[in-house]
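S.K.: input.cif is the file, holding mmCIF, C-alpha atoms and all ligand atoms:
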```
data_coords
#
loop_
_atom_site.label_atom_id
_atom_site.label_comp_id
_atom_site.auth_asym_id
_atom_site.auth_seq_id
_atom_site.Cartn_x
_atom_site.Cartn_y
_atom_site.Cartn_z
CA MET N 1 47.81 139.49 159.45
CA VAL N 2 50.50 141.52 157.69
CA ASP N 3 49.31 144.76 156.15
CA ARG N 4 50.10 144.43 152.47
CA SER N 5 47.89 147.24 151.20
CA SER N 6 50.93 149.36 150.30
CA ASP N 7 52.19 146.52 148.08
CA ILE N 8 49.24 146.83 145.76
CA THR N 9 49.48 149.24 142.86
CA GLU N 10 45.92 149.13 141.68
CA ASN N 11 42.65 147.51 142.48
CA LEU N 12 40.13 146.89 139.73
CA ASP N 13 36.58 146.14 140.71
CA VAL N 14 36.59 142.67 139.19
CA ASN N 15 36.35 140.67 142.39
CA ASN N 16 33.87 143.14 143.76
CA GLU N 17 34.24 141.94 147.33
CA SER N 18 37.85 143.12 147.18
CA ALA N 19 37.03 146.65 146.12
CA ASP N 20 34.55 147.68 148.78
CA SER N 21 37.02 149.48 150.99
CA THR N 22 40.68 149.70 151.86
CA ALA N 23 40.03 147.56 154.89
CA THR N 24 38.96 144.56 152.81
CA GLU N 25 42.15 144.72 150.71
CA THR N 26 44.08 143.09 153.52
CA ALA N 27 41.40 140.53 154.27
CA PRO N 28 41.86 137.16 152.59
CA LEU N 29 40.55 136.89 149.05
CA ARG N 30 37.23 135.08 149.02
CA ALA N 31 37.27 132.30 146.47
CA VAL N 32 34.93 129.67 145.14
CA GLY N 33 35.63 126.67 142.98
CA TYR N 34 34.92 122.97 142.45
CA ALA N 35 36.78 120.49 144.62
CA ALA N 36 36.68 116.82 145.59
CA LYS N 37 36.66 115.97 149.30
CA HIS N 38 37.67 112.31 148.86
CA SER N 39 39.05 110.04 146.14
CA PHE N 40 35.57 108.57 145.64
CA SER N 41 33.59 111.83 145.58
CA ASN N 42 32.50 114.06 142.73
CA LEU N 43 33.75 117.61 142.39
CA LYS N 44 31.37 119.99 144.16
CA ARG N 45 31.12 123.71 144.80
CA PHE N 46 33.65 124.68 147.47
CA GLU N 47 34.17 128.06 149.11
CA PHE N 48 37.55 128.98 150.54
CA GLU N 49 40.00 131.86 151.00
CA ARG N 50 43.28 132.72 149.34
CA GLU N 51 45.98 134.89 150.87
CA ARG N 52 46.31 138.30 149.25
CA ALA N 53 49.08 138.92 146.72
CA ASN N 54 52.37 140.09 148.21
CA ALA N 55 54.77 142.50 146.48
CA ASN N 56 55.96 139.83 143.99
CA GLU N 57 52.58 138.30 143.27
CA VAL N 58 49.45 139.08 141.31
CA GLU N 59 45.78 138.23 141.77
CA LEU N 60 43.88 136.93 138.75
CA GLU N 61 40.26 136.61 137.85
CA ILE N 62 40.17 133.20 136.12
CA LEU N 63 38.31 133.17 132.79
CA TYR N 64 39.02 129.66 131.49
CA CYS N 65 40.61 126.47 132.76
CA GLY N 66 41.34 123.35 130.72
CA VAL N 67 40.48 119.85 131.93
CA CYS N 68 43.70 117.81 131.84
CA HIS N 69 43.77 114.02 132.22
CA SER N 70 46.13 114.47 135.17
CA ASP N 71 43.36 116.38 137.00
CA ILE N 72 41.39 113.13 136.97
CA HIS N 73 44.37 111.03 138.10
CA GLN N 74 44.89 113.50 140.93
CA VAL N 75 41.23 113.83 142.02
CA LYS N 76 40.96 110.02 142.18
CA ASN N 77 44.32 109.68 143.99
CA GLU N 78 45.66 107.44 141.21
CA TRP N 79 49.20 108.65 141.90
CA SER N 80 48.73 108.04 145.67
CA ASN N 81 49.77 111.59 146.59
CA THR N 82 46.53 113.56 146.64
CA VAL N 83 45.76 115.87 149.55
CA TYR N 84 42.05 116.63 150.06
CA PRO N 85 40.12 118.73 149.46
CA CYS N 86 41.55 118.57 145.93
CA LEU N 87 40.76 121.57 143.73
CA PRO N 88 42.38 120.85 140.35
CA GLY N 89 43.15 122.94 137.28
CA HIS N 90 46.50 123.92 135.77
CA GLU N 91 45.59 125.22 132.33
CA ILE N 92 44.52 128.65 133.48
CA VAL N 93 43.87 131.86 131.56
CA GLY N 94 42.77 134.93 133.46
CA ARG N 95 43.01 138.67 133.83
CA ILE N 96 45.16 140.40 136.44
CA THR N 97 43.03 142.20 139.01
CA ARG N 98 45.80 143.30 141.38
CA ALA N 99 49.57 143.45 141.07
CA GLY N 100 52.13 143.67 143.87
CA SER N 101 54.38 146.76 143.96
CA ALA N 102 57.47 144.81 142.81
CA VAL N 103 55.72 143.40 139.73
CA THR N 104 57.03 145.15 136.63
CA GLU N 105 56.46 142.69 133.77
CA HIS N 106 52.68 142.51 134.09
CA ARG N 107 49.93 145.02 134.79
CA VAL N 108 46.37 145.04 136.01
CA GLY N 109 44.08 144.14 133.12
CA ASP N 110 46.67 141.92 131.32
CA LEU N 111 45.52 138.57 129.97
CA VAL N 112 47.90 135.96 131.39
CA GLY N 113 48.30 132.22 131.70
CA VAL N 114 49.31 129.91 134.54
CA GLY N 115 50.39 126.34 133.85
CA CYS N 116 51.40 123.50 136.15
CA MET N 117 53.81 125.47 138.38
CA ILE N 118 53.38 128.55 140.54
CA ASP N 119 56.81 128.60 142.21
CA SER N 120 60.10 126.72 142.47
CA CYS N 121 63.08 126.86 144.83
CA GLY N 122 65.01 129.18 142.50
CA SER N 123 68.43 128.13 143.77
CA CYS N 124 69.05 124.50 142.74
CA GLY N 125 70.94 123.57 139.55
CA PRO N 126 67.86 123.02 137.37
CA CYS N 127 66.20 126.25 138.61
CA GLN N 128 69.41 128.20 138.00
CA SER N 129 69.48 126.94 134.43
CA GLY N 130 65.81 127.77 133.88
CA ASP N 131 64.39 124.25 134.25
CA GLN N 132 61.98 125.00 137.09
CA ASN N 133 59.99 121.87 136.17
CA TYR N 134 62.96 119.71 137.27
CA CYS N 135 63.50 121.64 140.54
CA GLU N 136 65.65 119.65 142.99
CA GLY N 137 64.83 121.82 146.01
CA PRO N 138 63.62 120.04 149.16
CA ASN N 139 59.95 120.35 148.11
CA SER N 140 60.62 120.41 144.33
CA TRP N 141 58.37 122.85 142.45
CA LEU N 142 55.14 124.23 143.79
CA ALA N 143 52.37 122.68 141.73
CA THR N 144 49.42 124.92 140.87
CA TYR N 145 47.21 122.47 142.73
CA ASN N 146 47.95 119.68 145.21
CA GLY N 147 51.38 121.31 145.56
CA PRO N 148 54.23 121.23 146.42
CA MET N 149 55.44 118.22 144.39
CA ILE N 150 57.30 116.92 147.45
CA PRO N 151 55.06 117.62 150.46
CA ALA N 152 56.66 118.61 153.75
CA ALA N 153 55.95 115.16 155.23
CA LYS N 154 58.19 113.56 152.58
CA ALA N 155 60.83 116.30 152.34
CA PRO N 156 64.24 116.03 154.06
CA GLY N 157 63.79 117.25 157.65
CA GLU N 158 60.09 117.75 156.88
CA ILE N 159 61.03 121.17 155.52
CA ASN N 160 58.29 123.26 153.90
CA THR N 161 59.98 125.96 151.81
CA TYR N 162 56.74 127.34 150.36
CA GLY N 163 54.86 127.38 153.67
CA ARG N 164 51.99 125.60 151.94
CA ASP N 165 50.90 122.01 151.77
CA ASN N 166 47.84 121.92 149.52
CA THR N 167 47.49 124.52 146.79
CA TYR N 168 44.11 125.06 145.13
CA GLY N 169 44.12 125.31 141.35
CA GLY N 170 42.19 126.78 138.47
CA TYR N 171 38.69 125.31 138.76
CA SER N 172 37.91 128.50 140.66
CA ASN N 173 37.18 132.18 140.22
CA ASN N 174 40.57 133.56 141.23
CA LEU N 175 44.22 132.75 141.85
CA VAL N 176 47.22 134.35 143.56
CA VAL N 177 50.50 133.67 141.75
CA LYS N 178 54.12 134.75 141.83
CA ALA N 179 54.48 137.07 138.84
CA ASP N 180 57.61 135.23 137.61
CA PHE N 181 55.39 132.21 136.88
CA LEU N 182 52.92 134.05 134.64
CA LEU N 183 52.85 133.51 130.89
CA LYS N 184 51.78 136.14 128.39
CA ILE N 185 48.89 135.14 126.15
CA PRO N 186 49.59 136.23 122.55
CA ALA N 187 46.87 138.41 121.05
CA ALA N 188 46.44 135.98 118.14
CA LEU N 189 45.27 133.17 120.46
CA ARG N 190 41.73 133.04 121.79
CA PRO N 191 42.10 132.81 125.58
CA GLU N 192 40.04 129.62 125.84
CA VAL N 193 42.20 128.00 123.15
CA ALA N 194 45.41 129.15 124.85
CA ALA N 195 44.48 127.39 128.12
CA PRO N 196 45.33 123.77 127.16
CA ILE N 197 48.62 124.89 125.59
CA LEU N 198 49.81 125.72 129.13
CA CYS N 199 50.04 122.02 130.02
CA ALA N 200 49.21 119.78 127.04
CA GLY N 201 51.02 122.11 124.63
CA VAL N 202 54.28 122.49 126.52
CA THR N 203 54.33 118.84 127.62
CA THR N 204 54.60 117.83 123.97
CA TYR N 205 56.55 120.83 122.63
CA SER N 206 59.33 120.65 125.22
CA PRO N 207 60.56 117.10 124.39
CA MET N 208 60.29 117.73 120.64
CA LYS N 209 62.45 120.82 121.08
CA HIS N 210 64.86 119.00 123.41
CA TRP N 211 65.40 116.08 121.00
CA GLY N 212 65.67 118.45 118.06
CA VAL N 213 62.67 117.58 115.90
CA LYS N 214 63.07 119.39 112.63
CA ALA N 215 61.76 119.76 109.10
CA GLY N 216 61.93 116.63 106.98
CA GLN N 217 62.04 114.20 109.91
CA LYS N 218 59.52 111.46 110.54
CA VAL N 219 57.76 111.81 113.89
CA GLY N 220 55.39 109.27 115.46
CA ILE N 221 52.82 110.24 118.08
CA LEU N 222 51.25 107.53 120.26
CA GLY N 223 47.72 108.42 121.33
CA PHE N 224 45.38 110.93 119.73
CA GLY N 225 43.72 112.63 122.68
CA GLY N 226 44.29 116.01 124.33
CA LEU N 227 48.10 115.76 124.28
CA GLY N 228 48.34 113.71 121.10
CA HIS N 229 46.30 115.97 118.84
CA LEU N 230 48.37 118.98 119.94
CA ALA N 231 51.63 117.05 119.54
CA CYS N 232 50.65 116.16 115.97
CA GLN N 233 49.97 119.79 115.08
CA ILE N 234 53.17 121.03 116.71
CA ALA N 235 55.36 118.40 115.02
CA LYS N 236 53.73 119.18 111.67
CA ALA N 237 54.31 122.92 112.17
CA MET N 238 57.97 122.09 112.89
CA GLY N 239 58.04 120.63 109.38
CA ALA N 240 58.02 116.96 110.33
CA GLU N 241 56.09 114.22 108.58
CA VAL N 242 53.74 113.02 111.30
CA THR N 243 52.07 109.65 111.89
CA VAL N 244 49.71 109.15 114.80
CA PHE N 245 49.04 105.72 116.34
CA THR N 246 45.61 105.20 117.87
CA ARG N 247 43.48 102.38 119.25
CA THR N 248 40.26 104.03 118.12
CA GLU N 249 39.06 103.39 114.59
CA GLU N 250 36.95 106.58 114.42
CA LYS N 251 40.06 108.62 115.09
CA LEU N 252 41.61 107.52 111.77
CA ASP N 253 39.19 109.85 109.98
CA GLU N 254 39.75 112.65 112.44
CA ALA N 255 43.50 112.49 111.83
CA GLY N 256 42.71 113.03 108.16
CA LYS N 257 41.08 116.36 109.04
CA PHE N 258 44.42 117.46 110.49
CA GLN N 259 46.19 116.03 107.40
CA ILE N 260 48.04 113.59 109.64
CA ASN N 261 48.77 109.96 108.71
CA ALA N 262 47.09 107.59 111.14
CA VAL N 263 47.70 103.91 111.92
CA LEU N 264 45.83 101.59 114.26
CA GLU N 265 48.11 100.54 117.12
CA ASN N 266 47.36 96.85 116.60
CA ASP N 267 47.72 96.87 112.80
CA GLU N 268 50.77 94.57 112.74
CA LYS N 269 51.23 94.74 108.99
CA ALA N 270 51.32 98.54 109.05
CA LEU N 271 53.76 98.52 111.98
CA ASP N 272 55.94 96.06 110.07
CA ARG N 273 56.16 98.41 107.11
CA LEU N 274 57.16 101.28 109.40
CA LYS N 275 60.07 99.49 111.14
CA SER N 276 63.26 101.58 111.54
CA SER N 277 61.73 104.62 109.91
CA PHE N 278 61.09 107.22 112.65
CA ASP N 279 63.44 109.95 113.90
CA PHE N 280 61.45 110.57 117.06
CA ILE N 281 58.41 109.04 118.75
CA LEU N 282 56.39 110.66 121.52
CA SER N 283 54.00 108.62 123.63
CA THR N 284 51.09 110.63 125.00
CA ILE N 285 49.07 107.62 126.16
CA PRO N 286 47.91 108.52 129.70
CA GLU N 287 48.17 105.04 131.22
CA LYS N 288 50.37 101.94 131.44
CA HIS N 289 51.12 100.63 127.94
CA ASP N 290 53.62 98.52 126.01
CA ILE N 291 56.12 100.68 124.13
CA ASN N 292 58.15 97.74 122.73
CA PRO N 293 56.34 97.53 119.37
CA PHE N 294 57.09 101.22 118.84
CA ILE N 295 60.77 101.07 119.80
CA GLU N 296 61.13 98.88 116.69
CA LEU N 297 59.84 101.76 114.58
CA LEU N 298 62.77 104.03 115.52
CA LYS N 299 65.80 104.52 113.32
CA ARG N 300 69.24 103.85 114.81
CA ASP N 301 70.28 106.40 117.50
CA CYS N 302 66.76 107.78 117.79
CA THR N 303 64.54 108.35 120.83
CA LEU N 304 61.12 107.31 122.05
CA CYS N 305 59.97 109.68 124.80
CA VAL N 306 57.07 108.96 127.15
CA VAL N 307 55.15 111.94 128.53
CA GLY N 308 51.63 110.60 129.06
CA ALA N 309 52.10 107.88 131.67
CA LEU N 310 53.74 108.60 135.03
CA GLU N 311 53.84 105.01 136.24
CA PRO N 312 55.77 101.78 135.67
CA LEU N 313 55.45 100.61 132.07
CA GLU N 314 55.79 97.15 130.56
CA PRO N 315 59.49 96.14 130.73
CA VAL N 316 61.53 97.45 127.81
CA ASN N 317 63.20 94.82 125.63
CA ASN N 318 66.77 96.08 125.72
CA MET N 319 67.70 93.83 122.80
CA GLN N 320 65.92 96.28 120.51
CA VAL N 321 67.36 99.30 122.29
CA ALA N 322 70.98 98.05 122.39
CA PHE N 323 71.15 96.61 118.88
CA HIS N 324 70.39 99.95 117.30
CA ARG N 325 71.65 102.29 120.06
CA LYS N 326 68.14 103.63 120.63
CA GLN N 327 66.93 105.60 123.62
CA VAL N 328 63.81 105.37 125.75
CA ALA N 329 63.26 108.61 127.63
CA GLY N 330 60.78 110.64 129.64
CA SER N 331 59.96 114.32 129.98
CA LEU N 332 57.81 116.29 132.42
CA ILE N 333 55.75 119.31 131.31
CA GLY N 334 58.18 122.10 130.35
CA ASN N 335 59.97 125.09 131.83
CA LEU N 336 58.61 128.65 131.81
CA ALA N 337 60.63 129.71 128.75
CA ASP N 338 59.37 126.74 126.73
CA THR N 339 55.81 127.45 127.85
CA GLN N 340 56.02 131.04 126.61
CA GLU N 341 57.67 129.77 123.42
CA VAL N 342 54.96 127.21 122.63
CA LEU N 343 52.22 129.81 123.14
CA GLU N 344 53.96 132.02 120.59
CA PHE N 345 54.67 129.05 118.31
CA CYS N 346 50.96 128.12 118.25
CA ALA N 347 49.96 131.74 117.62
CA LYS N 348 52.49 132.07 114.79
CA HIS N 349 51.44 128.84 113.07
CA ALA N 350 47.72 129.34 113.76
CA ILE N 351 47.44 125.97 115.52
CA GLY N 352 45.90 125.02 118.84
CA PRO N 353 43.71 122.53 120.62
CA GLU N 354 40.24 121.60 119.46
CA ILE N 355 38.20 122.58 122.48
CA GLU N 356 34.68 122.20 123.80
CA LEU N 357 33.63 124.84 126.33
CA ILE N 358 31.71 123.47 129.30
CA ASP N 359 30.02 124.84 132.41
CA ILE N 360 31.72 123.95 135.68
CA ALA N 361 28.57 122.12 136.80
CA ASP N 362 29.23 119.62 133.97
CA VAL N 363 32.81 118.84 134.99
CA ASN N 364 32.04 115.44 136.56
CA ASP N 365 30.32 114.34 133.38
CA ALA N 366 33.30 115.64 131.40
CA TYR N 367 35.64 113.49 133.53
CA ASP N 368 33.62 110.38 132.62
CA LYS N 369 33.91 111.22 128.94
CA VAL N 370 37.66 111.88 129.14
CA GLU N 371 38.12 108.50 130.84
CA LYS N 372 36.07 106.76 128.17
CA GLY N 373 38.02 108.57 125.44
CA GLU N 374 34.88 110.29 124.18
CA VAL N 375 36.19 113.87 124.32
CA ARG N 376 37.25 115.56 121.05
CA PHE N 377 39.76 116.84 122.12
CA ARG N 378 39.92 119.07 125.18
CA TYR N 379 37.28 120.35 127.57
CA VAL N 380 37.77 123.90 128.77
CA ILE N 381 35.68 125.23 131.65
CA ASP N 382 34.10 128.65 131.12
CA MET N 383 34.58 130.03 134.61
CA ALA N 384 31.76 132.56 134.19
CA SER N 385 29.52 129.51 134.73
CA LEU N 386 30.54 129.46 138.42
CA LYS N 387 28.09 132.29 139.03
CA SER N 388 25.08 130.13 138.17
CA THR N 389 26.12 127.55 140.83
CA GLU N 390 25.44 129.98 143.70
ZN ZN N 401 48.04 118.81 132.74
ZN ZN N 402 64.86 124.43 142.30
#
```
Would you write the structure of this file as structure tokens?
M.R.:
Amino acid sequence: MVDRSSDITENLDVNNESADSTATETAPLRAVGYAAKHSFSNLKRFEFERERANANEVELEILYCGVCHSDIHQVKNEWSNTVYPCLPGHEIVGRITRAGSAVTEHRVGDLVGVGCMIDSCGSCGPCQSGDQNYCEGPNSWLATYNGPMIPAAKAPGEINTYGRDNTYGGYSNNLVVKADFLLKIPAALRPEVAAPILCAGVTTYSPMKHWGVKAGQKVGILGFGGLGHLACQIAKAMGAEVTVFTRTEEKLDEAGKFQINAVLENDEKALDRLKSSFDFILSTIPEKHDINPFIELLKRDCTLCVVGALEPLEPVNNMQVAFHRKQVAGSLIGNLADTQEVLEFCAKHAIGPEIELIDIADVNDAYDKVEKGEVRFRYVIDMASLKSTE
């Protein structure tokens, strides 16, 4: 293997197997995490190796990783694109343990975040304009796990620009990442609270920024789970008047704690009163659902954007859309600049996800609760708990 020892500026004794001698610095990085071997299996302890950081990369010791609903979709192959073993996790906060010689923005010991992407082609139109999350390269962007987005087998000419076909994510003790894809964690955010902002936060912030949500507007949020409760807080901090729509009666009270108006999705009288009154509506519901009743709630020329469900939805009634020149749109996570921005936005406004820290051994149980809608509101895995699984 290539000798990369000269690329490394420093070596902290955090992953102690890496600090024994110079010889081990070029050996692959030993890693352990929780992975699923099949769509029907639970996540279990899984030992593997990662390649060492090159000059443009860093190695992290992972401290916390959020549990995102898409981890569950992916583990269970619900998007029909999962490669096994599947080691999920893309809401990662960790500390840099080694930095390549060309890395100038980050140093060993820095607290950093990694979201859904760890690389992109860098040369397509979207990448050139900073929208790495819409990369149009042959393999699209390199997802933090189960990446790249377009695997070699489905890419034109079966090209594999990243040289990788199944990345392993953040439910593990370490990670090797291109330094350009690191986010800085503001000092005002607790690291475990920052983790879900890296996916759930930017997924909701990015479309609200794109469609220009501003003070005084009325914003509707569909779904009050991991994404929805963050979306509500972000929209409110932007100065909007926020109403959340939920199926769950108990969540009406919880919305009150966030000083958010809440309406039951099937309360037809309430929906009737709200017709043509919203400037922007964001759907965070993580499964197939009917958006037609909510299109009616938009004002003329306004947009309903779906971020939660990546699948065919009920057909849209274009009568509603055309008669009032409304728009139905979608949005996928957010670019690196927006991710850094939402971290700072949350720090500045003292907002963030409500989290429950769990041990990694409890992750399968956590998945069941997320699927049943019993989580309030985001599970975050304390990666120190990996040690007790040995
Ligand atoms: Zn996610
Ligand atoms: Zn690109």
S.K.: Return the single residue from N:Pro148, N:His38, N:Asp279, N:Gln327 that is closest to N:Asp165, with distances computed using all atoms listed in the file.
M.R.: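 The closest residue to N:Asp165 is N:Pro148.
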S.K.: In Å, rounded to a single decimal, give me how far atom CA of N:Glu47 is from atom CA of N:Ala31.
M.R.: 5.9 Å
S.K.: Looking at N:Ile96, N:Met117, N:Ala35, N:Ile360, which one is nearest to ligand ZN 401 (chain N), with distances taken over all atoms listed in the file?
M.R.: N:Met117
S.K.: Quote the spacing between atom CA of N:Gly169 and atom CA of N:Ile118 in Å to one decimal place.
M.R.: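 Distance between the two atoms: 9.8 Å.
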S.K.: Enter the distance from atom CA of N:Leu336 to atom CA of N:Pro151, in Å, rounded to one decimal.
M.R.: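 Atom CA of N:Pro151 lies at a distance of 22.0 Å from atom CA of N:Leu336.
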S.K.: Under the rule of at most 12 Å, produce a per-residue listing of chain N near ligand ZN 402 (chain N): chain, number, name, the closest pair of atoms, and the distance in Å, as a tab-separated table, using all atoms listed in the file.
M.R.:
```
residue	atom	partner	partner_atom	distance
N:Met117	CA	N:ZN402	ZN	11.8
N:Asp119	CA	N:ZN402	ZN	9.1
N:Ser120	CA	N:ZN402	ZN	5.3
N:Cys121	CA	N:ZN402	ZN	3.9
N:Gly122	CA	N:ZN402	ZN	4.8
N:Ser123	CA	N:ZN402	ZN	5.3
N:Cys124	CA	N:ZN402	ZN	4.2
N:Gly125	CA	N:ZN402	ZN	6.7
N:Pro126	CA	N:ZN402	ZN	5.9
N:Cys127	CA	N:ZN402	ZN	4.3
N:Gln128	CA	N:ZN402	ZN	7.3
N:Ser129	CA	N:ZN402	ZN	9.5
N:Gly130	CA	N:ZN402	ZN	9.1
N:Asp131	CA	N:ZN402	ZN	8.1
N:Gln132	CA	N:ZN402	ZN	6.0
N:Asn133	CA	N:ZN402	ZN	8.2
N:Tyr134	CA	N:ZN402	ZN	7.2
N:Cys135	CA	N:ZN402	ZN	3.6
N:Glu136	CA	N:ZN402	ZN	4.9
N:Gly137	CA	N:ZN402	ZN	4.5
N:Pro138	CA	N:ZN402	ZN	8.2
N:Asn139	CA	N:ZN402	ZN	8.6
N:Ser140	CA	N:ZN402	ZN	6.2
N:Trp141	CA	N:ZN402	ZN	6.7
N:Leu142	CA	N:ZN402	ZN	9.8
N:Pro148	CA	N:ZN402	ZN	11.8
N:Met149	CA	N:ZN402	ZN	11.5
N:Ile150	CA	N:ZN402	ZN	11.8
N:Thr161	CA	N:ZN402	ZN	10.8
N:Tyr162	CA	N:ZN402	ZN	11.8
N:Asn335	CA	N:ZN402	ZN	11.6
```
S.K.: Would you give me, as a Markdown table, each residue of chain N having an atom within 6 Å of an atom of ligand ZN 401 (chain N), along with its shortest atom pair and that distance in Å to one decimal, using all atoms listed in the file and sorting by chain and residue number?
M.R.:
```
| residue | atom | partner | partner_atom | distance |
| --- | --- | --- | --- | --- |
| N:Cys68 | CA | N:ZN401 | ZN | 4.5 |
| N:Ser70 | CA | N:ZN401 | ZN | 5.3 |
| N:Cys199 | CA | N:ZN401 | ZN | 4.7 |
| N:Ala200 | CA | N:ZN401 | ZN | 5.9 |
```
S.K.: For the selection just defined, write its residues with C-alpha atoms to a file, as a CSV table (one decimal), in the frame of the given file.
M.R.:
```
chain,number,residue,atom,x,y,z
N,68,CYS,CA,43.7,117.8,131.8
N,70,SER,CA,46.1,114.5,135.2
N,199,CYS,CA,50.0,122.0,130.0
N,200,ALA,CA,49.2,119.8,127.0
```
S.K.: Choose the residue, out of N:Asn318, N:Asn146, N:Gln259, N:Asn54, that has the smallest atom-to-atom separation from N:Ala99; count all atoms listed in the file.
M.R.: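 With all atoms listed in the file as the atom set, the closest residue is N:Asn54.
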S.K.: For N:Pro293, list every protein, DNA or RNA residue within 10 Å, evaluated using only C-alpha atoms, and leave out those in the same chain fewer than 6 positions away; present the list as a PyMOL selection string.
M.R.: chain N and resi 265-266+268+271-272+275+316-317+320
S.K.: Please put the answer as JSON: centre and edge lengths, in Å with one decimal, of a box along x, y and z that encloses all listed atoms of stretch 81-100 of chain N plus 4 Å on each side.
M.R.:
```
{"center_x": 46.1, "center_y": 127.6, "center_z": 140.8, "size_x": 20.0, "size_y": 40.1, "size_z": 26.5}
```
S.K.: Could you pull the residues within 8 Å of N:Glu57, counting only C-alpha atoms, minus those fewer than 3 positions along the same chain, as a list in words?
M.R.: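 What passes the distance filter is Ala53, Asn54, Ala99, Gly100, Val103, Val176, Val177, Lys178 and Ala179 of chain N.
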S.K.: Report as JSON, numbers by chain all protein, DNA and RNA residues lying within 12 Å of N:Arg190, evaluated on all atoms listed in the file, omitting residues in the same chain fewer than 6 positions from it.
M.R.: {"N": [63, 64, 93, 94, 111, 112, 113, 196, 197, 343, 346, 347, 350, 351, 352, 353, 354, 355]}
S.K.: So that I can see what lies close to N:Phe323, please list as a list in words the residues with an atom at most 12 Å from it, counting only C-alpha atoms and leaving out residues fewer than 4 positions away in the same chain.
M.R.: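 Final neighbour list, sorted by chain and number: Ser276, Ile295, Glu296, Leu298, Lys299, Arg300, Asp301, Asn317, Asn318, Met319 and Gln327 of chain N.
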S.K.: Find the residues with any atom within 12 Å of (62.8, 119.4, 122.5); use all atoms listed in the file and the coordinates as given in the file, and write the answer as a ChimeraX atom specification.
M.R.: /N:202-214,231,234-235,238,280-282,303,305,329-335,338-339,341-342
S.K.: Using all atoms listed in the file, pick whichever of N:Asn81, N:Phe345, N:His69, N:Gly216 has the shortest atom-to-atom distance to N:Thr284.
M.R.: N:His69
S.K.: Write out as a ChimeraX atom specification which residues come within 10 Å of N:Lys288 when counting only C-alpha atoms, dropping same-chain ones fewer than 6 positions away.
M.R.: /N:308-314
